[in-house]
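*Asks:* Provided herewith: start-v7.cif, mmCIF, C-alpha atoms.
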```
data_start
#
loop_
_atom_site.label_atom_id
_atom_site.label_comp_id
_atom_site.auth_asym_id
_atom_site.auth_seq_id
_atom_site.Cartn_x
_atom_site.Cartn_y
_atom_site.Cartn_z
CA MET A 1 19.64 10.34 -113.06
CA LYS A 2 21.71 10.47 -109.87
CA ASP A 3 24.87 10.26 -111.96
CA TYR A 4 26.63 12.56 -109.50
CA CYS A 5 25.36 10.76 -106.40
CA GLU A 6 26.06 7.16 -107.44
CA ILE A 7 29.20 5.48 -108.70
CA SER A 8 29.43 2.57 -111.15
CA LYS A 9 31.67 -0.08 -109.59
CA ILE A 10 32.43 -3.78 -109.92
CA GLU A 11 30.58 -6.08 -107.53
CA ALA A 12 33.31 -8.36 -106.19
CA SER A 13 31.53 -11.72 -106.22
CA SER A 14 29.75 -11.48 -109.58
CA LEU A 15 32.14 -9.10 -111.40
CA MET A 16 29.08 -7.26 -112.66
CA VAL A 17 28.77 -3.47 -112.64
CA GLU A 18 26.49 -2.11 -109.97
CA ARG A 19 25.69 1.38 -108.70
CA LYS A 20 26.68 2.42 -105.20
CA VAL A 21 25.26 5.50 -103.43
CA LEU A 22 28.04 7.94 -102.58
CA ASP A 23 28.52 9.60 -99.20
CA ILE A 24 28.14 13.22 -100.32
CA ASP A 25 27.23 16.12 -98.05
CA THR A 26 23.55 16.95 -98.42
CA ASN A 27 24.32 20.70 -98.63
CA LEU A 28 26.30 20.13 -101.82
CA ILE A 29 23.57 17.87 -103.22
CA ASP A 30 20.94 20.53 -102.56
CA LYS A 31 23.11 23.37 -103.88
CA PHE A 32 23.46 21.78 -107.32
CA ASP A 33 20.26 19.69 -107.17
CA LEU A 34 22.43 16.64 -107.88
CA LEU A 35 19.71 14.08 -107.20
CA ASN A 36 17.57 15.43 -110.01
CA SER A 37 20.16 16.80 -112.44
CA GLN A 38 21.45 15.21 -115.59
CA PRO A 39 25.18 15.79 -116.13
CA THR A 40 25.80 19.24 -117.60
CA GLU A 41 28.94 21.12 -118.54
CA ASN A 42 28.02 23.89 -116.11
CA ILE A 43 27.69 21.56 -113.10
CA ASP A 44 30.91 19.75 -114.06
CA LYS A 45 32.88 23.01 -114.21
CA ASN A 46 31.45 24.30 -110.92
CA LEU A 47 32.18 21.06 -109.08
CA LEU A 48 35.72 21.01 -110.45
CA LEU A 49 36.26 24.62 -109.43
CA LEU A 50 34.93 23.87 -105.95
CA ALA A 51 37.22 20.86 -105.57
CA LYS A 52 40.25 22.98 -106.47
CA LYS A 53 39.21 25.88 -104.24
CA ASN A 54 38.71 23.54 -101.26
CA PRO A 55 41.50 20.98 -101.78
CA LYS A 56 40.92 19.23 -98.44
CA GLU A 57 37.16 18.73 -99.03
CA LYS A 58 35.97 15.39 -100.46
CA ASP A 59 32.37 15.97 -101.57
CA SER A 60 32.65 17.90 -104.84
CA LEU A 61 35.40 15.54 -106.02
CA MET A 62 33.33 12.54 -104.98
CA ALA A 63 30.41 13.79 -107.10
CA LEU A 64 32.75 14.08 -110.09
CA ARG A 65 34.08 10.56 -109.44
CA GLY A 66 30.55 9.24 -109.68
CA ARG A 67 29.91 11.39 -112.74
CA VAL A 68 32.85 9.97 -114.78
CA SER A 69 32.44 6.35 -113.64
CA HIS A 70 29.37 5.83 -115.82
CA PRO A 71 30.95 6.81 -119.17
CA ILE A 72 33.97 4.65 -118.21
CA SER A 73 31.65 1.66 -117.92
CA GLN A 74 29.75 2.59 -121.07
CA LYS A 75 32.91 2.94 -123.18
CA ILE A 76 34.37 -0.36 -121.96
CA ASN A 77 31.10 -2.11 -122.81
CA LEU A 78 31.12 -0.48 -126.25
CA ILE A 79 34.65 -1.72 -126.98
CA TYR A 80 33.77 -5.19 -125.67
CA ASN A 81 30.64 -5.45 -127.84
CA GLN A 82 32.62 -4.31 -130.86
CA PHE A 83 35.14 -7.16 -130.59
CA LYS A 84 33.52 -9.98 -128.58
CA GLU A 85 32.30 -11.94 -131.60
CA ARG A 86 35.71 -12.17 -133.24
CA TYR A 87 38.09 -12.27 -130.27
CA GLU A 88 38.33 -14.10 -126.96
CA ILE A 89 37.99 -11.22 -124.54
CA GLU A 90 36.40 -10.96 -121.12
CA LEU A 91 34.32 -7.95 -120.15
CA SER A 92 35.20 -8.45 -116.48
CA GLU A 93 38.92 -8.30 -117.26
CA MET A 94 38.45 -5.01 -119.07
CA LEU A 95 36.31 -3.54 -116.31
CA ILE A 96 38.70 -4.42 -113.49
CA ILE A 97 41.49 -2.52 -115.25
CA LEU A 98 39.75 0.86 -115.33
CA LEU A 99 36.61 0.68 -113.19
CA ASP A 100 38.76 0.64 -110.05
CA ASP A 101 37.08 3.33 -107.92
CA SER A 102 34.87 1.83 -105.21
CA GLY A 103 33.56 5.22 -104.06
CA ASP A 104 35.31 5.23 -100.67
CA LYS A 105 36.02 8.51 -98.92
CA TYR A 106 39.61 7.46 -98.25
CA LEU A 107 42.53 6.56 -100.50
CA ARG A 108 45.29 4.18 -99.45
CA VAL A 109 48.42 6.05 -100.49
CA PRO A 110 51.72 4.14 -100.86
CA LYS A 111 54.62 5.41 -98.75
CA ASN A 112 58.17 4.30 -98.16
CA THR A 113 58.99 3.32 -94.59
CA PRO A 114 62.42 3.96 -92.98
CA ASP A 115 63.51 0.41 -93.78
CA LYS A 116 62.68 1.14 -97.46
CA LYS A 117 59.75 -1.25 -97.49
CA MET A 118 56.51 -0.14 -99.04
CA GLY A 119 53.58 0.65 -96.79
CA PHE A 120 50.31 2.57 -96.99
CA ILE A 121 48.71 5.52 -95.27
CA LYS A 122 45.02 6.44 -95.38
CA LYS A 123 44.15 9.88 -96.75
CA ILE A 124 40.89 11.64 -97.52
CA PHE A 125 40.10 11.31 -101.23
CA CYS A 126 40.30 15.03 -102.01
CA TRP A 127 42.06 17.30 -104.50
CA GLU A 128 45.09 17.69 -102.24
CA THR A 129 45.56 13.91 -102.14
CA ILE A 130 45.28 13.29 -105.86
CA GLU A 131 47.69 16.14 -106.60
CA TYR A 132 50.13 14.51 -104.19
CA MET A 133 49.71 11.15 -105.93
CA GLN A 134 50.12 12.78 -109.33
CA MET A 135 53.40 14.30 -108.16
CA LYS A 136 54.53 10.80 -107.08
CA ASN A 137 53.53 9.38 -110.51
CA ASN A 138 51.06 7.02 -108.82
CA LEU A 139 47.71 8.55 -109.65
CA LYS A 140 44.98 6.00 -108.99
CA PRO A 141 42.09 5.24 -109.36
CA PHE A 142 41.34 5.95 -113.00
CA THR A 143 38.58 8.42 -112.09
CA ALA A 144 41.18 10.62 -110.37
CA GLU A 145 43.41 10.58 -113.45
CA ILE A 146 40.51 11.63 -115.65
CA ILE A 147 39.39 14.47 -113.40
CA VAL A 148 42.80 15.95 -112.59
CA GLU A 149 43.80 16.05 -116.28
CA TYR A 150 40.44 17.28 -117.60
CA ASN A 151 40.63 20.23 -120.00
CA SER A 152 37.18 21.69 -120.60
CA SER A 153 38.42 23.73 -123.59
CA LEU A 154 38.99 20.51 -125.54
CA SER A 155 35.74 18.61 -124.90
CA ASN A 156 32.95 17.97 -122.42
CA LEU A 157 33.63 15.60 -119.53
CA THR A 158 31.79 12.62 -121.06
CA THR A 159 33.80 12.79 -124.30
CA TRP A 160 37.00 13.39 -122.35
CA THR A 161 36.35 10.31 -120.21
CA LYS A 162 35.61 8.04 -123.16
CA ASN A 163 38.73 9.26 -124.96
CA LYS A 164 40.79 8.50 -121.84
CA VAL A 165 39.39 4.95 -121.80
CA GLN A 166 40.21 4.56 -125.50
CA GLY A 167 43.76 5.77 -124.86
CA SER A 168 44.45 3.81 -121.67
CA ALA A 169 47.83 2.05 -121.92
CA GLU A 170 46.69 -0.71 -119.55
CA LEU A 171 43.54 -1.43 -121.53
CA LYS A 172 45.46 -1.35 -124.81
CA SER A 173 47.99 -3.80 -123.38
CA TYR A 174 45.23 -6.23 -122.42
CA LEU A 175 43.49 -5.91 -125.77
CA LYS A 176 46.75 -6.31 -127.68
CA LYS A 177 47.34 -9.65 -125.96
CA CYS A 178 43.94 -10.69 -127.27
CA GLY A 179 44.86 -9.59 -130.79
CA ILE A 180 42.95 -6.31 -130.65
CA LEU A 181 44.41 -2.96 -131.62
CA LEU A 182 42.20 0.10 -131.20
CA ILE A 183 42.57 1.11 -134.84
CA SER A 184 40.13 0.45 -137.68
CA PRO A 185 40.83 -2.59 -139.90
CA TRP A 186 41.17 -0.29 -142.91
CA ALA A 187 43.77 1.96 -141.31
CA LEU A 188 45.68 -1.02 -139.91
CA ILE A 189 46.02 -2.61 -143.35
CA ALA A 190 47.05 0.71 -144.87
CA ASP A 191 49.62 1.35 -142.13
CA SER A 192 51.30 -2.04 -142.66
CA SER A 193 54.27 -2.76 -144.89
CA SER A 194 54.31 -5.43 -147.58
CA LYS A 195 56.72 -7.47 -145.46
CA ARG A 196 54.41 -7.30 -142.43
CA ILE A 197 51.42 -8.29 -144.55
CA THR A 198 53.12 -11.41 -145.96
CA GLU A 199 54.60 -12.50 -142.61
CA ALA A 200 51.28 -11.98 -140.83
CA TRP A 201 49.39 -14.02 -143.42
CA ASP A 202 52.04 -16.78 -143.46
CA ARG A 203 51.89 -17.17 -139.69
CA CYS A 204 48.34 -16.24 -138.77
CA GLY A 205 46.17 -16.21 -141.88
CA GLU A 206 42.98 -18.24 -141.68
CA GLY A 207 41.73 -17.88 -145.25
CA VAL A 208 42.15 -20.28 -148.17
CA PHE A 209 44.18 -17.81 -150.23
CA GLN A 210 47.89 -18.11 -150.91
CA THR A 211 50.23 -15.41 -149.60
CA SER A 212 50.89 -14.26 -153.17
CA TYR A 213 47.15 -13.52 -153.58
CA ILE A 214 47.08 -11.51 -150.32
CA LYS A 215 50.19 -9.54 -151.31
CA LYS A 216 48.65 -8.60 -154.65
CA LEU A 217 45.40 -7.58 -152.96
CA TYR A 218 47.32 -5.46 -150.45
CA GLU A 219 49.27 -3.62 -153.17
CA SER A 220 46.07 -2.61 -154.96
CA TYR A 221 44.44 -1.75 -151.62
CA ILE A 222 47.18 0.79 -150.80
CA ASP A 223 46.69 2.62 -154.10
CA GLU A 224 42.90 2.70 -153.91
CA TYR A 225 42.82 3.50 -150.18
CA LYS A 226 44.76 6.73 -150.63
CA LYS A 227 42.39 7.88 -153.41
CA ALA A 228 39.26 6.92 -151.46
CA LYS A 229 40.43 8.66 -148.26
CA THR A 230 41.23 11.86 -150.15
CA ILE A 231 37.73 11.94 -151.66
CA TYR A 232 36.15 11.10 -148.27
CA LYS A 233 37.99 13.95 -146.54
CA GLU A 234 36.95 16.44 -149.23
CA LYS A 235 33.29 15.39 -148.94
CA THR A 236 32.96 15.14 -145.17
CA GLY A 237 35.78 17.25 -143.77
CA LYS A 238 36.69 14.29 -141.56
CA ILE A 239 39.72 12.00 -141.51
CA SER A 240 38.09 9.15 -139.57
CA GLY A 241 35.02 7.01 -140.17
CA TRP A 242 35.75 5.87 -143.73
CA GLN A 243 34.43 2.43 -144.72
CA PRO A 244 35.09 0.54 -147.98
CA ASP A 245 31.97 0.58 -150.16
CA GLU A 246 30.98 -1.61 -153.10
CA ASN A 247 32.80 0.56 -155.65
CA PHE A 248 36.00 0.48 -153.64
CA LEU A 249 35.88 -3.33 -153.30
CA LYS A 250 35.34 -3.70 -157.06
CA SER A 251 38.33 -1.45 -157.75
CA LEU A 252 40.70 -3.83 -155.98
CA ASN A 253 42.83 -6.40 -157.73
CA PRO A 254 41.69 -9.14 -157.34
CA THR A 255 38.15 -7.71 -157.21
CA GLN A 256 36.33 -8.34 -153.94
CA GLN A 257 32.62 -9.10 -153.57
CA ASN A 258 32.59 -8.22 -149.85
CA LYS A 259 34.88 -7.23 -146.96
CA GLU A 260 35.46 -10.79 -145.74
CA THR A 261 39.01 -11.31 -147.05
CA LEU A 262 40.11 -7.85 -145.90
CA LEU A 263 38.75 -8.59 -142.43
CA LEU A 264 40.63 -11.90 -142.37
CA LEU A 265 43.78 -9.99 -143.25
CA ASP A 266 43.03 -7.53 -140.47
CA LYS A 267 42.62 -10.40 -138.00
CA ALA A 268 45.92 -11.97 -139.11
CA LEU A 269 47.70 -8.64 -138.64
CA ARG A 270 46.31 -8.21 -135.13
CA LYS A 271 47.36 -11.71 -134.12
CA TYR A 272 50.78 -11.18 -135.63
CA LEU A 273 51.33 -7.85 -133.89
CA SER A 274 50.18 -9.13 -130.50
CA ALA A 275 52.26 -12.32 -130.88
CA ILE A 276 49.44 -14.44 -129.45
CA TYR A 277 50.41 -17.24 -131.81
CA THR A 278 53.60 -17.82 -129.73
CA PRO A 279 52.58 -17.75 -126.08
CA ARG A 280 55.39 -17.73 -123.59
CA GLN A 281 56.10 -21.02 -121.84
CA PHE A 282 56.72 -20.71 -118.11
CA GLU A 283 59.17 -23.03 -116.40
CA ASN A 284 60.35 -24.00 -112.92
CA ASN A 285 57.16 -22.84 -111.17
CA GLU A 286 58.22 -19.25 -111.75
CA GLU A 287 54.64 -18.11 -111.09
CA SER A 288 54.07 -20.22 -108.01
CA GLN A 289 53.87 -17.24 -105.66
CA ILE A 290 52.68 -13.66 -105.94
CA GLN A 291 56.22 -12.49 -105.20
CA SER A 292 57.47 -14.04 -108.44
CA PHE A 293 55.34 -11.61 -110.41
CA GLU A 294 56.99 -8.69 -108.62
CA GLU A 295 60.64 -9.62 -109.08
CA ASP A 296 60.94 -8.36 -112.66
CA LEU A 297 58.75 -5.30 -112.20
CA ASP A 298 59.87 -1.73 -111.66
CA ASP A 299 58.72 0.07 -108.52
CA ASP A 300 55.66 1.66 -110.16
CA SER A 301 54.54 -1.68 -111.60
CA LYS A 302 54.99 -3.35 -108.21
CA ILE A 303 52.85 -0.70 -106.54
CA ASN A 304 50.21 -1.15 -109.24
CA LEU A 305 50.17 -4.94 -108.85
CA ILE A 306 50.04 -4.73 -105.05
CA SER A 307 47.20 -2.21 -105.35
CA LYS A 308 45.23 -4.62 -107.56
CA ILE A 309 45.77 -7.45 -105.06
CA GLU A 310 44.84 -5.19 -102.15
CA LEU A 311 41.69 -3.91 -103.89
CA THR A 312 40.56 -7.41 -104.80
CA LEU A 313 41.15 -8.79 -101.32
CA ARG A 314 39.28 -5.86 -99.83
CA ASN A 315 36.34 -6.07 -102.24
CA CYS A 316 35.97 -9.80 -101.61
CA GLY A 317 36.73 -9.66 -97.91
CA GLU A 318 34.49 -6.82 -96.78
CA PRO A 319 31.09 -8.45 -97.51
CA ILE A 320 32.22 -11.82 -96.11
CA ILE A 321 33.46 -10.28 -92.87
CA LYS A 322 30.57 -7.84 -92.51
CA GLU A 323 28.10 -10.73 -92.75
CA LEU A 324 30.08 -12.78 -90.23
CA ILE A 325 30.25 -9.91 -87.74
CA SER A 326 26.58 -9.07 -88.32
CA GLN A 327 25.52 -12.59 -87.41
CA ASP A 328 27.75 -12.71 -84.34
CA LYS A 329 26.60 -9.30 -83.10
CA LYS A 330 23.23 -10.85 -82.30
CA LYS A 331 24.93 -12.71 -79.45
CA TRP A 332 26.98 -9.84 -78.03
CA ASP A 333 24.34 -8.58 -75.59
CA LYS A 334 24.22 -11.97 -73.88
CA ASP A 335 27.97 -12.60 -74.04
CA LYS A 336 30.16 -9.48 -73.97
CA SER A 337 33.29 -11.60 -74.32
CA ARG A 338 32.44 -12.39 -77.93
CA LYS A 339 32.75 -8.74 -78.95
CA LEU A 340 35.90 -8.40 -76.88
CA ALA A 341 37.43 -11.40 -78.63
CA TRP A 342 36.85 -9.85 -82.07
CA GLN A 343 38.29 -6.54 -80.89
CA LEU A 344 41.38 -8.17 -79.41
CA TYR A 345 41.92 -10.22 -82.55
CA SER A 346 41.72 -7.08 -84.71
CA GLN A 347 44.35 -5.49 -82.45
CA GLY A 348 46.77 -8.32 -83.19
CA LEU A 349 46.56 -10.50 -80.09
CA SER A 350 47.11 -14.24 -80.40
CA GLN A 351 44.39 -16.81 -79.69
CA ARG A 352 46.11 -17.74 -76.44
CA GLU A 353 46.17 -14.08 -75.30
CA ILE A 354 42.54 -13.58 -76.35
CA ALA A 355 41.46 -16.69 -74.45
CA ALA A 356 43.15 -15.43 -71.27
CA LYS A 357 41.59 -11.95 -71.46
CA CYS A 358 38.13 -13.35 -72.29
CA GLU A 359 38.39 -16.04 -69.61
CA HIS A 360 37.68 -18.82 -72.07
CA LYS A 361 39.61 -21.80 -73.36
CA GLN A 362 41.59 -21.42 -76.57
CA ALA A 363 39.27 -23.84 -78.35
CA TRP A 364 36.41 -21.39 -77.78
CA VAL A 365 38.43 -18.62 -79.43
CA SER A 366 39.36 -20.87 -82.34
CA LYS A 367 35.71 -21.72 -82.96
CA LEU A 368 34.58 -18.10 -82.64
CA LEU A 369 37.37 -16.75 -84.87
CA PRO A 370 37.90 -19.28 -87.68
CA GLU A 371 40.84 -17.42 -89.17
CA LYS A 372 41.79 -20.14 -91.66
CA LYS A 373 38.23 -20.64 -92.87
CA ILE A 374 37.65 -16.89 -93.34
CA SER A 375 40.94 -16.35 -95.14
CA GLU A 376 40.28 -19.37 -97.36
CA SER A 377 36.90 -17.98 -98.45
CA ILE A 378 38.32 -14.53 -99.19
CA ALA A 379 41.37 -15.95 -100.99
CA GLN A 380 39.30 -18.23 -103.22
CA GLU A 381 36.97 -15.42 -104.30
CA SER A 382 39.92 -13.08 -104.82
CA ALA A 383 41.79 -15.65 -106.92
CA ILE A 384 38.82 -15.94 -109.30
CA ILE A 385 39.00 -12.19 -109.92
CA LEU A 386 42.80 -11.94 -110.09
CA LEU A 387 42.94 -14.67 -112.72
CA ARG A 388 41.10 -12.25 -115.01
CA ILE A 389 43.88 -9.63 -114.98
CA ASN A 390 47.02 -9.72 -117.09
CA GLU A 391 49.54 -10.48 -114.35
CA PHE A 392 47.83 -13.74 -113.35
CA SER A 393 46.02 -14.81 -116.53
CA SER A 394 48.66 -17.44 -117.38
CA LEU A 395 47.50 -19.49 -114.36
CA LYS A 396 43.96 -20.01 -115.68
CA ASN A 397 44.64 -23.57 -116.86
CA ASP A 398 47.17 -24.44 -114.16
CA ILE A 399 45.36 -26.09 -111.23
CA ASP A 400 48.51 -26.32 -109.12
CA GLY A 401 49.32 -22.70 -109.88
CA ILE A 402 45.83 -21.59 -108.82
CA GLU A 403 46.17 -23.49 -105.55
CA ARG A 404 49.50 -21.81 -104.88
CA LEU A 405 47.94 -18.43 -105.67
CA VAL A 406 45.16 -19.08 -103.13
CA GLU A 407 47.74 -20.07 -100.52
CA SER A 408 49.71 -16.89 -101.21
CA LEU A 409 46.59 -14.76 -100.83
CA LYS A 410 45.73 -16.47 -97.55
CA ASN A 411 49.26 -15.74 -96.37
CA HIS A 412 48.90 -12.09 -97.35
CA LEU A 413 45.65 -11.82 -95.42
CA ILE A 414 46.94 -13.38 -92.23
CA ASN A 415 50.64 -12.55 -92.08
CA SER A 416 50.82 -8.94 -93.23
CA GLU A 417 52.98 -9.55 -96.27
CA LEU A 418 51.60 -6.41 -97.87
CA ASN A 419 53.87 -4.52 -95.45
CA GLU A 420 51.02 -3.11 -93.42
CA LYS A 421 51.21 -2.38 -89.71
CA ARG A 422 48.42 -4.89 -89.18
CA PRO A 423 47.50 -7.91 -91.35
CA LEU A 424 44.74 -7.13 -93.81
CA LEU A 425 42.31 -9.64 -92.30
CA LYS A 426 42.60 -7.92 -88.93
CA GLN A 427 42.18 -4.51 -90.58
CA LEU A 428 38.96 -5.60 -92.27
CA ILE A 429 37.58 -7.04 -89.03
CA LYS A 430 38.48 -3.84 -87.16
CA GLU A 431 36.67 -1.75 -89.77
CA ALA A 432 33.61 -4.04 -89.68
CA ILE A 433 33.38 -3.79 -85.88
CA GLU A 434 33.65 0.00 -85.92
#
```
Represent the supplied structure as structure tokens.

*Replies:*
Amino acid sequence: MKDYCEISKIEASSLMVERKVLDIDTNLIDKFDLLNSQPTENIDKNLLLLAKKNPKEKDSLMALRGRVSHPISQKINLIYNQFKERYEIELSEMLIILLDDSGDKYLRVPKNTPDKKMGFIKKIFCWETIEYMQMKNNLKPFTAEIIVEYNSSLSNLTTWTKNKVQGSAELKSYLKKCGILLISPWALIADSSSKRITEAWDRCGEGVFQTSYIKKLYESYIDEYKKAKTIYKEKTGKISGWQPDENFLKSLNPTQQNKETLLLLDKALRKYLSAIYTPRQFENNEESQIQSFEEDLDDDSKINLISKIELTLRNCGEPIIKELISQDKKKWDKDKSRKLAWQLYSQGLSQREIAAKCEHKQAWVSKLLPEKKISESIAQESAIILLRINEFSSLKNDIDGIERLVESLKNHLINSELNEKRPLLKQLIKEAIE
């Protein structure tokens, strides 16, 4: 229930999925009875039609964003549970890739400034905005991509969403690095050449069998697989879902008592194809700063990386700053200068300038506005999350590298290195005050 009125999102500190109530106009909620309605094809189509007819209006699109967020989460969990026993994968890493919609009414849209640096503008999250981002080949978050490409003649929205998750290039890239290809073991073996089979087993095989044994097994597998798939298709009318049964295993040469050796071959193939047996060795502190990750990226990849950093810093920073401001607000009635100091800081004034305008010493300002302490807390929490995504995962076992990452994030927060008009820390404080 409430699938249209709540969005599944990642909670920044725990990296667990939680539901957040969406800011949707009550007239729209009442019109479609969204608080009490299960997702239906009719409601989905009407909301989509309404979003297109009123391209500057946010509410119908926001309801659809909530609607598709839940099957995104469900499908990612399904994939994770399918592979977690055999592969070293992290659910949080998978979620952060695609569950990237926090339910806000605004989108931060990249734009090029006159000096050709990349900046952001804030736009209402509506159909007009996502069409603009699609035109610029920068359609984010994932919910927007799903909705704008949805074709109701092909499937319902739930199936469409889960198929989009399955086909996500970013998710496939992450899984491939873990040795996982989103193809059944039986199809993967059948789609491999004899050369690939022998090389994969030589390099990555974990079983006790010699390569000659595996090659012989593979050759019989190819012959029997084609026969078995033909029979399966004739019986079921389907081309997917086939599993080797007892008769099939006995027909192989050498005969197999169970699927164990075939699954070991499948695992060797996945490791071989993902090249996880030869991890890249980094040298000369090439990953010591966030900028080093950007140097070899194309413009779209840079924007994507910066967006991930920005989202993580925001998700971690907002609750920390909101709590800090909430506690300090209790003292504002007695001392108006405290509120003024926060406001002036958010506007970009220095501690010396704030002290003069508030008629206090600079030490008072420094104690009230512990910039370094706040940025340190946000940066540390953000680093924990960023280490779970592909671009930073190589730093997990590098203590010095993690420390440099935290320092870089602190610098981004305080010194506006994300090319914003105002440093992100000051933006977050301004938004918390308002």

*Asks:* For each of A:Ser60, A:Ser73, A:Gln82, A:Ser192, take the minimum atom-to-atom distance to Asn27 (chain A), counting all atoms listed in the file, then give the residue where this is smallest.

*Replies:*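 For Asn27 (chain A), the nearest of the candidates is A:Ser60.
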
*Asks:* Specify as a JSON list (two decimals) with C-alpha atoms, in the frame of the given file each residue included when the PyMOL selection byres ((chain A and resi 20) around 10) is applied to this file.

*Replies:*
```json
[["chain", "number", "residue", "atom", "x", "y", "z"],
["A", 5, "CYS", "CA", 25.36, 10.76, -106.40],
["A", 6, "GLU", "CA", 26.06, 7.16, -107.44],
["A", 7, "ILE", "CA", 29.20, 5.48, -108.70],
["A", 8, "SER", "CA", 29.43, 2.57, -111.15],
["A", 9, "LYS", "CA", 31.67, -0.08, -109.59],
["A", 10, "ILE", "CA", 32.43, -3.78, -109.92],
["A", 11, "GLU", "CA", 30.58, -6.08, -107.53],
["A", 17, "VAL", "CA", 28.77, -3.47, -112.64],
["A", 18, "GLU", "CA", 26.49, -2.11, -109.97],
["A", 19, "ARG", "CA", 25.69, 1.38, -108.70],
["A", 21, "VAL", "CA", 25.26, 5.50, -103.43],
["A", 22, "LEU", "CA", 28.04, 7.94, -102.58],
["A", 23, "ASP", "CA", 28.52, 9.60, -99.20],
["A", 66, "GLY", "CA", 30.55, 9.24, -109.68],
["A", 102, "SER", "CA", 34.87, 1.83, -105.21],
["A", 103, "GLY", "CA", 33.56, 5.22, -104.06]]
```

*Asks:* Give me the residues within 12 Å of Arg203 (chain A) as a ChimeraX atom specification, counting all atoms listed in the file and dropping any in the same chain fewer than 3 places off.

*Replies:* /A:196-200,206-207,210-211,265,267-273,275-278

*Asks:* Between A:Glu431, A:Asp44, A:Asp33, A:Glu219, which residue has the minimum interatomic distance to Gln347 (chain A), considering only C-alpha atoms?

*Replies:*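 Answer, going by the shortest atom-to-atom distance: A:Glu431.
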
*Asks:* Where does the PyMOL selection byres ((chain A and resi 378) around 12) land in this file, that is, which residues does it pick, as a PyMOL selection string?

*Replies:* chain A and resi 12-13+309-310+312-321+371-377+379-385+406-414+424-425+428

*Asks:* Check what the PyMOL selection byres ((chain A and resi 346) around 8) selects in the file above and give those residues as an MDAnalysis selection string.

*Replies:* chainID A and resid 342:345 347:349 426:427 429:430

*Asks:* Please, what distance in Å, to one decimal, runs between CA of Asn42 (chain A) and CA of Asn156 (chain A)?

*Replies:*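 Calculated distance between CA of Asn42 (chain A) and CA of Asn156 (chain A) is 10.0 Å.
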
*Asks:* Which protein, DNA or RNA residues are at most 12 Å from (38.6, -10.7, -145.8) in the file's coordinates when you count only C-alpha atoms, listed as a ChimeraX atom specification?

*Replies:* /A:185-186,189,201,205-209,213-214,217-218,244,249,255-269

*Asks:* To one decimal place in Å, what is the distance between CA of Thr40 (chain A) and CA of Leu157 (chain A)?

*Replies:*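 Separation of CA of Thr40 (chain A) and CA of Leu157 (chain A): 8.8 Å.
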
*Asks:* So, with only C-alpha atoms as the atoms that count, which of A:Leu48, A:Leu28, A:Lys2, A:Ile124 lies closest to Asn151 (chain A)?

*Replies:*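 Closest to Asn151 (chain A) of all the choices is A:Leu48.
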
*Asks:* Go through A:Met16, A:Ile222, A:Leu50, A:Ile325 and flag the residue nearest Leu188 (chain A), using only C-alpha atoms for the distances.

*Replies:*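 Ranking A:Met16, A:Ile222, A:Leu50, A:Ile325 by distance to Leu188 (chain A), first place goes to A:Ile222.
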